[in-house]
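input_0.cif, holding mmCIF, C-alpha atoms and all ligand atoms:
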data_data
loop_
_atom_site.label_atom_id
_atom_site.label_comp_id
_atom_site.auth_asym_id
_atom_site.auth_seq_id
_atom_site.Cartn_x
_atom_site.Cartn_y
_atom_site.Cartn_z
CA MET A 1 -5.34 51.32 -73.81
CA LYS A 2 -5.15 54.67 -72.03
CA SER A 3 -8.13 56.85 -72.78
CA LEU A 4 -8.26 60.64 -72.57
CA PHE A 5 -11.67 60.24 -71.01
CA ALA A 6 -10.90 57.69 -68.27
CA ALA A 7 -10.15 58.52 -64.66
CA HIS A 8 -6.50 58.79 -63.70
CA THR A 9 -4.75 58.61 -60.35
CA LEU A 10 -2.34 61.44 -59.60
CA GLY A 11 -0.62 60.88 -56.26
CA SER A 12 -3.47 60.66 -53.79
CA LEU A 13 -5.95 62.35 -56.15
CA THR A 14 -8.34 60.83 -58.64
CA LEU A 15 -8.72 62.94 -61.76
CA ASN A 16 -11.93 62.53 -63.76
CA ASN A 17 -10.03 62.34 -67.03
CA ARG A 18 -6.57 62.79 -68.56
CA ILE A 19 -7.29 66.26 -69.86
CA ALA A 20 -5.72 69.20 -68.02
CA MET A 21 -6.27 72.91 -68.46
CA ALA A 22 -2.98 74.74 -69.05
CA PRO A 23 -1.90 77.66 -66.88
CA MET A 24 -3.02 80.85 -68.62
CA THR A 25 -2.46 84.41 -67.46
CA ARG A 26 -5.60 86.48 -68.01
CA SER A 27 -4.44 89.80 -66.46
CA ARG A 28 -7.75 90.76 -64.93
CA ARG A 29 -6.80 91.35 -61.30
CA PRO A 30 -5.23 94.81 -60.75
CA ASP A 31 -5.31 94.23 -56.97
CA HIS A 32 -3.71 90.75 -57.35
CA ILE A 33 -6.69 89.19 -55.52
CA PRO A 34 -8.82 86.62 -57.37
CA ASP A 35 -12.49 87.62 -57.29
CA LEU A 36 -15.87 86.04 -58.00
CA ASP A 37 -15.31 86.26 -61.77
CA THR A 38 -12.07 84.33 -61.32
CA ALA A 39 -13.96 81.68 -59.37
CA GLU A 40 -16.68 81.53 -62.03
CA TYR A 41 -14.13 81.22 -64.87
CA TYR A 42 -12.44 78.25 -63.23
CA ARG A 43 -15.74 76.67 -62.10
CA GLN A 44 -16.93 76.66 -65.70
CA ARG A 45 -13.80 74.69 -66.68
CA ALA A 46 -13.87 72.18 -63.80
CA GLY A 47 -14.71 69.36 -66.24
CA ALA A 48 -10.95 69.20 -66.83
CA GLY A 49 -9.37 66.32 -64.92
CA LEU A 50 -6.95 68.92 -63.57
CA ILE A 51 -6.88 72.72 -63.78
CA ILE A 52 -3.54 74.45 -63.42
CA THR A 53 -4.17 78.09 -62.57
CA GLU A 54 -2.71 81.06 -64.33
CA GLY A 55 0.81 81.94 -63.20
CA THR A 56 0.55 83.36 -59.67
CA PHE A 57 3.31 85.52 -58.21
CA VAL A 58 4.93 84.16 -55.06
CA SER A 59 6.17 87.57 -53.87
CA ALA A 60 6.05 91.24 -54.79
CA GLU A 61 9.55 90.83 -56.27
CA ALA A 62 8.33 87.93 -58.43
CA GLN A 63 6.12 90.25 -60.52
CA GLY A 64 6.76 90.91 -64.18
CA TYR A 65 3.32 91.74 -65.55
CA ALA A 66 0.53 93.95 -64.22
CA ASP A 67 -2.88 92.69 -63.10
CA VAL A 68 -1.77 89.14 -62.24
CA PRO A 69 -2.96 87.45 -59.04
CA GLY A 70 -0.61 86.54 -56.22
CA LEU A 71 -0.13 84.26 -53.26
CA TRP A 72 2.04 86.48 -51.10
CA THR A 73 -0.71 87.88 -48.84
CA ASP A 74 -3.53 86.31 -46.87
CA GLU A 75 -6.07 88.45 -48.77
CA GLN A 76 -4.85 86.91 -52.03
CA ALA A 77 -5.12 83.43 -50.50
CA ALA A 78 -8.68 84.21 -49.36
CA GLY A 79 -9.54 85.13 -52.96
CA TRP A 80 -8.12 81.81 -54.12
CA ALA A 81 -10.11 79.92 -51.47
CA ALA A 82 -13.29 80.89 -53.31
CA VAL A 83 -11.75 79.56 -56.54
CA THR A 84 -10.80 76.17 -55.09
CA GLU A 85 -14.22 75.87 -53.47
CA ALA A 86 -15.92 76.56 -56.80
CA VAL A 87 -13.76 74.03 -58.66
CA HIS A 88 -14.17 71.35 -56.00
CA GLY A 89 -17.91 71.99 -55.87
CA ALA A 90 -18.03 71.24 -59.60
CA GLY A 91 -16.03 68.02 -59.14
CA GLY A 92 -12.67 69.31 -60.38
CA ARG A 93 -9.10 69.42 -59.10
CA VAL A 94 -6.85 72.45 -59.15
CA PHE A 95 -3.14 73.20 -58.71
CA ALA A 96 -1.76 76.75 -58.33
CA GLN A 97 1.08 77.69 -60.66
CA LEU A 98 3.84 79.38 -58.61
CA TRP A 99 5.63 82.01 -60.65
CA HIS A 100 8.70 84.21 -60.31
CA VAL A 101 9.64 86.02 -63.51
CA GLY A 102 13.23 86.80 -62.51
CA ARG A 103 14.77 89.19 -65.03
CA VAL A 104 11.63 89.45 -67.19
CA SER A 105 10.33 92.48 -65.32
CA HIS A 106 10.28 96.25 -65.09
CA ARG A 107 11.13 98.57 -62.20
CA SER A 108 7.59 99.96 -62.11
CA LEU A 109 6.39 96.50 -61.02
CA GLN A 110 9.07 96.01 -58.38
CA PRO A 111 8.85 96.99 -54.70
CA GLY A 112 10.38 100.44 -54.27
CA GLY A 113 11.10 100.67 -58.00
CA ALA A 114 14.12 98.41 -57.53
CA ALA A 115 15.80 96.49 -60.35
CA PRO A 116 14.34 93.04 -61.04
CA VAL A 117 16.43 90.10 -59.84
CA GLY A 118 18.01 87.35 -61.92
CA PRO A 119 20.86 84.90 -61.90
CA SER A 120 23.05 87.55 -63.54
CA THR A 121 22.94 91.13 -64.80
CA ARG A 122 22.17 89.96 -68.34
CA ARG A 123 19.05 91.74 -69.55
CA ALA A 124 16.29 89.99 -71.50
CA GLN A 125 15.41 91.69 -74.77
CA ALA A 126 11.73 91.31 -74.05
CA GLN A 127 8.69 93.35 -73.23
CA VAL A 128 6.33 93.13 -70.29
CA TRP A 129 2.83 94.50 -69.72
CA ILE A 130 3.06 97.21 -67.05
CA GLY A 131 -0.60 98.26 -66.89
CA ASP A 132 -1.96 101.64 -67.97
CA ASP A 133 1.28 102.53 -69.75
CA GLY A 134 1.07 99.41 -71.94
CA PHE A 135 4.19 97.41 -72.75
CA ALA A 136 7.72 98.31 -71.68
CA ASP A 137 11.18 96.90 -72.26
CA THR A 138 12.48 94.87 -69.37
CA ASP A 139 14.98 96.54 -67.04
CA THR A 140 18.51 95.33 -66.43
CA PRO A 141 18.39 92.92 -63.48
CA ARG A 142 20.69 92.74 -60.51
CA ALA A 143 22.22 89.34 -59.77
CA LEU A 144 20.83 87.58 -56.73
CA ARG A 145 23.46 87.14 -54.02
CA THR A 146 24.13 83.60 -52.83
CA ASP A 147 22.93 84.51 -49.35
CA GLU A 148 19.55 85.59 -50.76
CA ILE A 149 18.72 82.15 -52.18
CA PRO A 150 17.23 80.75 -48.94
CA ARG A 151 14.91 83.78 -48.76
CA LEU A 152 13.95 83.28 -52.41
CA ILE A 153 13.10 79.61 -51.81
CA ALA A 154 11.15 80.60 -48.68
CA ASP A 155 9.02 82.90 -50.86
CA PHE A 156 8.00 79.83 -52.87
CA THR A 157 7.27 77.72 -49.78
CA ASP A 158 5.31 80.53 -48.12
CA ALA A 159 3.19 80.79 -51.26
CA ALA A 160 2.73 77.00 -51.24
CA ASP A 161 1.58 77.19 -47.62
CA ARG A 162 -0.99 79.79 -48.56
CA ALA A 163 -2.04 77.67 -51.54
CA ALA A 164 -2.58 74.67 -49.26
CA ARG A 165 -4.57 76.78 -46.82
CA ALA A 166 -6.64 78.12 -49.72
CA GLY A 167 -7.64 74.55 -50.55
CA PHE A 168 -5.51 73.88 -53.63
CA ASP A 169 -4.87 70.20 -54.42
CA GLY A 170 -1.24 71.03 -55.13
CA VAL A 171 1.19 73.51 -56.62
CA GLU A 172 3.07 73.64 -59.91
CA LEU A 173 6.48 75.29 -59.89
CA HIS A 174 6.80 77.42 -63.05
CA GLY A 175 10.22 76.33 -64.28
CA ALA A 176 9.52 77.17 -67.92
CA HIS A 177 9.35 79.93 -70.56
CA GLY A 178 12.54 81.76 -69.72
CA PHE A 179 11.45 82.89 -66.26
CA LEU A 180 13.57 82.78 -63.10
CA ILE A 181 14.07 79.04 -62.66
CA GLU A 182 14.86 78.53 -66.34
CA GLN A 183 17.19 81.56 -66.32
CA PHE A 184 19.24 79.63 -63.78
CA LEU A 185 19.19 76.49 -65.97
CA ASN A 186 20.48 78.37 -69.02
CA PRO A 187 24.29 78.57 -69.31
CA ARG A 188 24.15 81.80 -71.31
CA VAL A 189 21.98 83.73 -68.87
CA ASN A 190 23.45 82.18 -65.74
CA ASP A 191 27.10 83.29 -65.51
CA ARG A 192 27.38 82.74 -61.77
CA THR A 193 30.52 81.47 -60.12
CA ASP A 194 28.85 80.23 -56.91
CA GLN A 195 27.21 76.83 -56.36
CA TYR A 196 24.20 77.97 -58.46
CA GLY A 197 26.18 78.50 -61.67
CA GLY A 198 28.65 76.73 -63.91
CA SER A 199 28.09 72.98 -64.17
CA VAL A 200 24.79 71.35 -65.09
CA GLU A 201 24.40 70.26 -61.45
CA ASN A 202 24.97 73.80 -60.21
CA ARG A 203 22.58 75.41 -62.68
CA ALA A 204 19.90 72.85 -61.73
CA ARG A 205 20.43 73.44 -58.01
CA LEU A 206 17.86 76.25 -57.59
CA LEU A 207 15.18 74.18 -59.35
CA LEU A 208 15.87 71.07 -57.29
CA GLU A 209 16.28 72.87 -53.97
CA THR A 210 13.02 74.72 -54.56
CA LEU A 211 11.24 71.46 -55.38
CA ASP A 212 12.67 69.82 -52.26
CA ALA A 213 11.55 72.73 -50.11
CA LEU A 214 8.06 72.66 -51.65
CA ALA A 215 7.85 68.88 -51.17
CA ASP A 216 8.90 69.24 -47.53
CA ARG A 217 6.18 71.78 -47.03
CA VAL A 218 3.16 70.30 -48.84
CA GLY A 219 4.22 66.75 -49.79
CA ALA A 220 6.00 65.68 -52.97
CA HIS A 221 2.81 64.14 -54.41
CA ARG A 222 1.28 67.64 -54.33
CA VAL A 223 4.12 69.30 -56.23
CA GLY A 224 4.40 69.40 -60.02
CA VAL A 225 6.90 71.27 -62.14
CA ARG A 226 6.59 72.87 -65.56
CA LEU A 227 9.62 72.79 -67.83
CA SER A 228 10.11 73.93 -71.42
CA PRO A 229 13.19 72.25 -72.84
CA PHE A 230 14.56 74.08 -75.89
CA THR A 231 12.32 77.11 -75.62
CA LEU A 232 13.65 80.51 -76.70
CA ALA A 233 10.87 82.34 -74.88
CA ASN A 234 11.65 85.68 -73.24
CA ASP A 235 14.99 85.98 -74.99
CA LEU A 236 16.39 82.76 -73.58
CA PRO A 237 19.48 82.00 -75.68
CA ALA A 238 19.62 78.61 -77.39
CA ASP A 239 21.11 76.13 -74.94
CA ASP A 240 23.44 73.62 -76.55
CA GLU A 241 23.76 71.82 -73.21
CA ALA A 242 20.00 71.25 -72.87
CA GLU A 243 20.21 67.50 -73.64
CA GLU A 244 22.82 67.13 -70.93
CA MET A 245 20.72 69.14 -68.50
CA TYR A 246 17.63 67.01 -69.08
CA ALA A 247 19.64 63.78 -68.87
CA TYR A 248 20.69 64.94 -65.40
CA LEU A 249 17.25 66.25 -64.41
CA ALA A 250 15.16 63.22 -65.43
CA PRO A 251 16.43 60.80 -62.72
CA GLU A 252 16.76 63.65 -60.20
CA LEU A 253 13.10 64.54 -60.71
CA ALA A 254 12.07 60.87 -60.74
CA ARG A 255 13.56 60.08 -57.36
CA ARG A 256 11.70 62.97 -55.76
CA GLY A 257 8.31 61.32 -56.36
CA LEU A 258 6.64 64.50 -57.57
CA ALA A 259 3.02 64.68 -58.70
CA TYR A 260 4.18 65.25 -62.27
CA VAL A 261 6.53 66.84 -64.76
CA HIS A 262 4.69 69.14 -67.16
CA LEU A 263 6.50 69.70 -70.45
CA SER A 264 5.55 72.84 -72.33
CA ASP A 265 6.08 73.11 -76.04
CA LEU A 266 5.45 76.71 -77.09
CA ARG A 267 6.19 75.95 -80.79
CA LEU A 268 7.48 79.48 -81.11
CA SER A 269 8.98 78.84 -84.48
CA GLY A 270 5.80 77.21 -85.79
CA GLY A 271 6.99 73.63 -85.45
CA PRO A 272 7.41 71.63 -82.25
CA ASP A 273 10.22 72.61 -79.84
CA ILE A 274 10.12 69.18 -78.23
CA ALA A 275 11.01 66.45 -80.69
CA GLU A 276 9.43 63.04 -80.23
CA ASP A 277 12.90 61.57 -79.74
CA PHE A 278 13.40 63.84 -76.76
CA LEU A 279 10.05 62.75 -75.32
CA LYS A 280 11.06 59.10 -75.71
CA THR A 281 14.40 59.66 -74.00
CA PHE A 282 12.83 61.66 -71.19
CA ARG A 283 10.04 59.11 -70.73
CA TYR A 284 12.60 56.33 -70.39
CA ALA A 285 14.61 58.21 -67.78
CA TYR A 286 11.68 59.70 -65.83
CA ASP A 287 9.22 57.11 -64.58
CA GLY A 288 6.66 59.51 -63.07
CA THR A 289 3.61 61.18 -64.56
CA ILE A 290 4.22 63.31 -67.65
CA LEU A 291 1.96 66.12 -68.83
CA LEU A 292 2.49 67.78 -72.19
CA ALA A 293 1.06 71.05 -73.54
CA GLY A 294 1.39 72.81 -76.85
CA GLY A 295 -0.84 72.73 -79.89
CA LEU A 296 -2.62 69.51 -78.97
CA ASP A 297 -5.88 68.36 -80.48
CA ARG A 298 -7.74 65.13 -79.72
CA THR A 299 -5.91 63.13 -82.40
CA ARG A 300 -2.45 64.19 -81.34
CA ALA A 301 -3.26 63.76 -77.64
CA GLU A 302 -4.57 60.23 -78.21
CA TYR A 303 -1.55 59.34 -80.30
CA LEU A 304 0.83 60.52 -77.53
CA LEU A 305 -1.14 58.62 -74.88
CA THR A 306 -1.31 55.45 -76.95
CA ALA A 307 2.39 55.63 -77.74
CA ASP A 308 2.85 55.92 -73.95
CA LEU A 309 4.85 59.12 -74.29
CA ILE A 310 2.60 61.12 -71.95
CA ASP A 311 0.01 60.47 -69.22
CA ILE A 312 -2.07 63.64 -69.33
CA ALA A 313 -2.77 65.94 -72.27
CA VAL A 314 -2.81 69.65 -71.50
CA PHE A 315 -4.89 72.12 -73.50
CA GLY A 316 -4.51 75.88 -73.26
CA ARG A 317 -6.25 78.13 -75.79
CA PRO A 318 -9.02 75.59 -76.55
CA PHE A 319 -10.10 75.85 -72.88
CA ILE A 320 -10.49 79.62 -73.14
CA ALA A 321 -13.30 79.40 -75.69
CA ASN A 322 -14.65 75.95 -74.74
CA PRO A 323 -15.40 75.75 -71.02
CA ASP A 324 -16.75 72.21 -71.56
CA LEU A 325 -13.77 71.14 -73.67
CA PRO A 326 -13.56 67.53 -72.37
CA GLU A 327 -17.18 66.85 -73.35
CA ARG A 328 -16.73 68.45 -76.75
CA LEU A 329 -13.61 66.38 -77.41
CA ARG A 330 -15.33 63.19 -76.24
CA ASP A 331 -18.45 63.78 -78.33
CA GLY A 332 -16.61 65.07 -81.38
CA LEU A 333 -18.41 68.43 -81.19
CA PRO A 334 -17.03 71.48 -83.00
CA LEU A 335 -14.71 73.73 -81.01
CA ALA A 336 -15.20 77.48 -80.65
CA THR A 337 -12.23 79.70 -81.52
CA PRO A 338 -10.89 81.95 -78.76
CA ASP A 339 -10.49 85.67 -79.41
CA PRO A 340 -6.87 86.73 -78.74
CA ALA A 341 -8.02 90.35 -78.22
CA THR A 342 -9.59 89.32 -74.90
CA PHE A 343 -6.85 86.95 -73.70
CA TYR A 344 -5.35 89.58 -71.40
CA GLY A 345 -7.18 92.25 -69.43
CA GLY A 346 -10.79 93.43 -69.50
CA GLY A 347 -13.77 91.91 -67.75
CA ALA A 348 -16.24 89.11 -68.37
CA LYS A 349 -16.05 89.41 -72.17
CA GLY A 350 -13.84 86.65 -73.52
CA TYR A 351 -13.50 85.31 -69.99
CA THR A 352 -16.70 83.95 -68.46
CA ASP A 353 -19.06 84.48 -71.40
CA TYR A 354 -18.05 81.59 -73.69
CA PRO A 355 -21.06 79.25 -73.69
CA ARG A 356 -21.13 75.49 -73.21
CA HIS A 357 -22.24 73.55 -76.28
C1 LIG B 401 -3.39 83.78 -72.84
C2 LIG B 401 -2.28 82.84 -72.46
C3 LIG B 401 -1.67 82.97 -71.23
C4 LIG B 401 -0.65 82.07 -70.83
N1 LIG B 401 -0.14 82.18 -69.57
C5 LIG B 401 0.71 81.22 -69.11
C6 LIG B 401 1.10 81.19 -67.74
O1 LIG B 401 0.68 82.00 -66.90
N2 LIG B 401 1.96 80.20 -67.36
C7 LIG B 401 2.44 79.28 -68.23
O2 LIG B 401 3.23 78.40 -67.84
N3 LIG B 401 2.06 79.27 -69.53
C8 LIG B 401 1.19 80.19 -69.98
N4 LIG B 401 0.73 80.13 -71.28
C9 LIG B 401 1.10 78.98 -72.13
C10 LIG B 401 0.00 77.89 -72.03
O3 LIG B 401 0.02 77.29 -70.74
C11 LIG B 401 0.19 76.76 -73.07
O4 LIG B 401 1.41 76.11 -72.82
C12 LIG B 401 0.16 77.30 -74.50
O5 LIG B 401 -1.00 78.09 -74.70
C13 LIG B 401 0.20 76.17 -75.52
O6 LIG B 401 -0.92 75.34 -75.40
P1 LIG B 401 -2.15 75.45 -76.45
O7 LIG B 401 -1.55 75.30 -77.82
O8 LIG B 401 -3.06 74.31 -76.09
O9 LIG B 401 -2.77 76.80 -76.24
C14 LIG B 401 -0.24 81.03 -71.70
C15 LIG B 401 -0.84 80.94 -72.97
C16 LIG B 401 -1.86 81.80 -73.34
C17 LIG B 401 -2.53 81.62 -74.67
#

Mind turning this structure into structure tokens?
Amino acid sequence: MKSLFAAHTLGSLTLNNRIAMAPMTRSRRPDHIPDLDTAEYYRQRAGAGLIITEGTFVSAEAQGYADVPGLWTDEQAAGWAAVTEAVHGAGGRVFAQLWHVGRVSHRSLQPGGAAPVGPSTRRAQAQVWIGDDGFADTDTPRALRTDEIPRLIADFTDAADRAARAGFDGVELHGAHGFLIEQFLNPRVNDRTDQYGGSVENRARLLLETLDALADRVGAHRVGVRLSPFTLANDLPADDEAEEMYAYLAPELARRGLAYVHLSDLRLSGGPDIAEDFLKTFRYAYDGTILLAGGLDRTRAEYLLTADLIDIAVFGRPFIANPDLPERLRDGLPLATPDPATFYGGGAKGYTDYPRH
């Protein structure tokens, strides 16, 4: 029987257990460069079999929230090098989450105050954190031209190069939560008439071409992808072709030999977004490693592992307040409750000051 607490092989890596730390934005880096507190935060959580970092912008254009780290300059990569060294020194493994928000952005965060980019000019009815001025409504995007797509993909591969040089064990493409990649997948945001819009195959093209380019650059076994089927996050309209999309994607992703597919269930409406039937269907069609995040506790994680629906259980908020979460789960110790007031922004409080048991 698969155990949460047994070692697991992921590509060429051995993970100490099947518990991963979910990517979580903490908005503490106004200069976009991870610092010693960042390194300490991740070092404290290196008991996870795998850490996936907070979303990390691949370019200046990719930004949609203030105070988030990046991987588009060498200074940013140098900051991350201290993070990977700290995690490796504590026996952990760490992937960088590569993020482009697409239309979920504001001009004040864009180079030269330009409009954010997206698959179309359809605006998200959403708000983003812009720093000292608080939250702002997103701006209307401009549609990416077809001839810009190679440059866009190169932004991801350049970031992956920097991630590799900074010592990351791999990268996770953020294809979830209504950000750029998922905006392309969605037939009601993506109204393009070029080869990146229209059919399921065309809407999936940016995702798959980006994954191929990343795999070429750092090796497929070092590339994971996060997807959130059925999410309505960031004003993503309900997609009645989602089943069809995922039926197409599952074998396409499988034949690429990626490190993993990471399914994110945000449970925005309270209940699960990802029905167990979907997991079964996806599992059958995708024979690689599956990670799942969203409201897990030990019981639910063990059930999903035992039912062979997932390979690695991903925990988000519990890792914020419990740096030694794997040990606490293993030993049945009580879990501390994280304080949402310190999720985003601020300093050490609510970040590096949660004690071990
Ligand atoms: C403070 C916070 C920041 C988050 N930032 C990200 C992010 O940068 N990238 C991402 O893919 N998901 C992000 N998420 C979603 C988490 O990765 C995770 O899917 C979610 O918290 C559900 O898991 P949980 O119920 O175990 O917390 C964030 C969640 C929280 C609470």

ask   = So what do you get for atom CA of A:Arg192 versus atom CA of A:Ala154, distance-wise?
value =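 Between atom CA of A:Arg192 and atom CA of A:Ala154 the gap is 21.0 Å.
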
query = For ligand LIG 401 (chain B), which residue out of A:Arg283, A:Arg123, A:Arg222, A:Arg267 is the nearest one, using all atoms listed in the file?
reply =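 The shortest atom-to-atom distance to ligand LIG 401 (chain B) comes from A:Arg267.
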
inquiry  = Please find the residues contacting ligand LIG 401 (chain B) at a distance of at most 6 Å between atoms, with all atoms listed in the file counted, and report them as JSON, numbers by chain.
reply    = {"A": [22, 23, 24, 25, 26, 54, 55, 264, 266, 293, 294, 295, 296, 315, 316, 317, 343]}

request  = Identify, on the basis of only C-alpha atoms, every residue whose closest approach to A:Tyr260 does not exceed 7 Å; exclude the query and any residue fewer than 2 positions from it along the same chain; express the result as a ChimeraX atom specification.
outcome  = /A:224-225,258,262,288-291

key: Nearest to A:Ile274 by atom-to-atom distance, counting only C-alpha atoms, from A:Ile310, A:Thr231, A:Leu304, A:Ala159   =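 Using only C-alpha atoms, A:Ile274 sits closest to A:Thr231.
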
task = Could you tell me how far atom CA of A:Ala307 lies from atom CA of A:Leu279, in Å and to one decimal?
result =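 The value is 10.7 Å.
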
message = Between atom CA of A:Asp133 and atom CA of A:Pro237, what is the distance in Å, rounded to a tenth?
response =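 Rounded to one decimal, the two atoms are 28.1 Å apart.
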
ask   = In terms of the shortest atom-to-atom distance over all atoms listed in the file, which of A:Leu15, A:Val58, A:Leu173, A:Leu268 is closest to A:Arg151?
value =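 Smallest separation from A:Arg151 among the options: A:Val58.
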
key: Long-range neighbours of stretch 244-252 of chain A as a list in words, 10 Å cut-off, all atoms listed in the file, 3 positions minimum in chain   = Leu185, Asn186, Ser199, Val200, Glu201, Arg203, Ala204, Leu207, Leu208, Leu227, Pro229, Asp239, Asp240, Glu241, Arg255, Arg256, Gly257, Val261, Phe278, Thr281, Phe282, Arg283, Tyr284, Ala285, Tyr286, Asp287 and Gly288 of chain A

Store the residues picked out above in a file with C-alpha atoms, as a short mmCIF file (atom, residue, chain, number, x, y, z; two decimals), in the coordinates of the input.
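Contents of selection19.cif, as written:
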data_model
loop_
_atom_site.label_atom_id
_atom_site.label_comp_id
_atom_site.auth_asym_id
_atom_site.auth_seq_id
_atom_site.Cartn_x
_atom_site.Cartn_y
_atom_site.Cartn_z
CA LEU A 185 19.19 76.49 -65.97
CA ASN A 186 20.48 78.37 -69.02
CA SER A 199 28.09 72.98 -64.17
CA VAL A 200 24.79 71.35 -65.09
CA GLU A 201 24.40 70.26 -61.45
CA ARG A 203 22.58 75.41 -62.68
CA ALA A 204 19.90 72.85 -61.73
CA LEU A 207 15.18 74.18 -59.35
CA LEU A 208 15.87 71.07 -57.29
CA LEU A 227 9.62 72.79 -67.83
CA PRO A 229 13.19 72.25 -72.84
CA ASP A 239 21.11 76.13 -74.94
CA ASP A 240 23.44 73.62 -76.55
CA GLU A 241 23.76 71.82 -73.21
CA ARG A 255 13.56 60.08 -57.36
CA ARG A 256 11.70 62.97 -55.76
CA GLY A 257 8.31 61.32 -56.36
CA VAL A 261 6.53 66.84 -64.76
CA PHE A 278 13.40 63.84 -76.76
CA THR A 281 14.40 59.66 -74.00
CA PHE A 282 12.83 61.66 -71.19
CA ARG A 283 10.04 59.11 -70.73
CA TYR A 284 12.60 56.33 -70.39
CA ALA A 285 14.61 58.21 -67.78
CA TYR A 286 11.68 59.70 -65.83
CA ASP A 287 9.22 57.11 -64.58
CA GLY A 288 6.66 59.51 -63.07
#

For stretch 51-102 of chain A against stretch 36-40 of chain A, with a cut-off of 9 Å and counting all atoms listed in the file, what is the closest atom pair and its distance in Å to one decimal for every residue that makes the cut, ordered by chain and number, as a tab-separated table?
residue	atom	partner	partner_atom	distance
A:Gly79	CA	A:Leu36	CA	8.1
A:Trp80	CA	A:Ala39	CA	7.9
A:Ala81	CA	A:Ala39	CA	9.0
A:Ala82	CA	A:Ala39	CA	6.1
A:Val83	CA	A:Ala39	CA	4.2
A:Thr84	CA	A:Ala39	CA	7.7
A:Glu85	CA	A:Ala39	CA	8.3
A:Ala86	CA	A:Ala39	CA	6.1
A:Val87	CA	A:Ala39	CA	7.7

query = Of the residues A:Leu109, A:Ala313, A:Ala166, A:Leu253, which is the one nearest to A:Gly131, using all atoms listed in the file?
reply =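 Smallest separation from A:Gly131 among the options: A:Leu109.
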
Contacts between stretch 93-106 of chain A and stretch 167-265 of chain A, please, where a residue of stretch 167-265 of chain A counts if it comes within 6 Å (with only C-alpha atoms); show its shortest atom pair and distance in Å to one decimal, rows by chain and ascending number, as a Markdown table.
| residue | atom | partner | partner_atom | distance |
| --- | --- | --- | --- | --- |
| A:Phe168 | CA | A:Phe95 | CA | 5.6 |
| A:Asp169 | CA | A:Phe95 | CA | 5.5 |
| A:Gly170 | CA | A:Phe95 | CA | 4.6 |
| A:Val171 | CA | A:Ala96 | CA | 4.7 |
| A:Glu172 | CA | A:Gln97 | CA | 4.6 |
| A:Leu173 | CA | A:Leu98 | CA | 5.0 |
| A:His174 | CA | A:Trp99 | CA | 5.3 |
| A:Phe179 | CA | A:Val101 | CA | 4.5 |
| A:Leu180 | CA | A:Gly102 | CA | 4.1 |

query = Nearest to A:Asp74 among A:Ile52, A:Leu292, A:Leu333, A:Ile33, with distances taken over all atoms listed in the file: which residue is it?
reply =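 So, comparing all the options, the nearest one is A:Ile33.
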
query = For A:Tyr196, which residue among A:Ala124, A:Ile130, A:Ile149, A:Ala136 is the nearest when counting all atoms listed in the file?
reply = A:Ile149

inquiry  = Need to verify the contact set: A:Gly113, 12 Å, only C-alpha atoms, exclusion of same-chain residues closer than 5 positions in sequence. Can you return it as a list in words?
reply    = Ala60, Glu61, Gln63, Ser105, His106, Arg107, Ser108, Asp139 and Pro141 of chain A

message = Which residues are near stretch 336-341 of chain A? Cut-off 10 Å, only C-alpha atoms, ignore same chain within fewer than 2 positions. Put them as a count of residues only.
response = 22
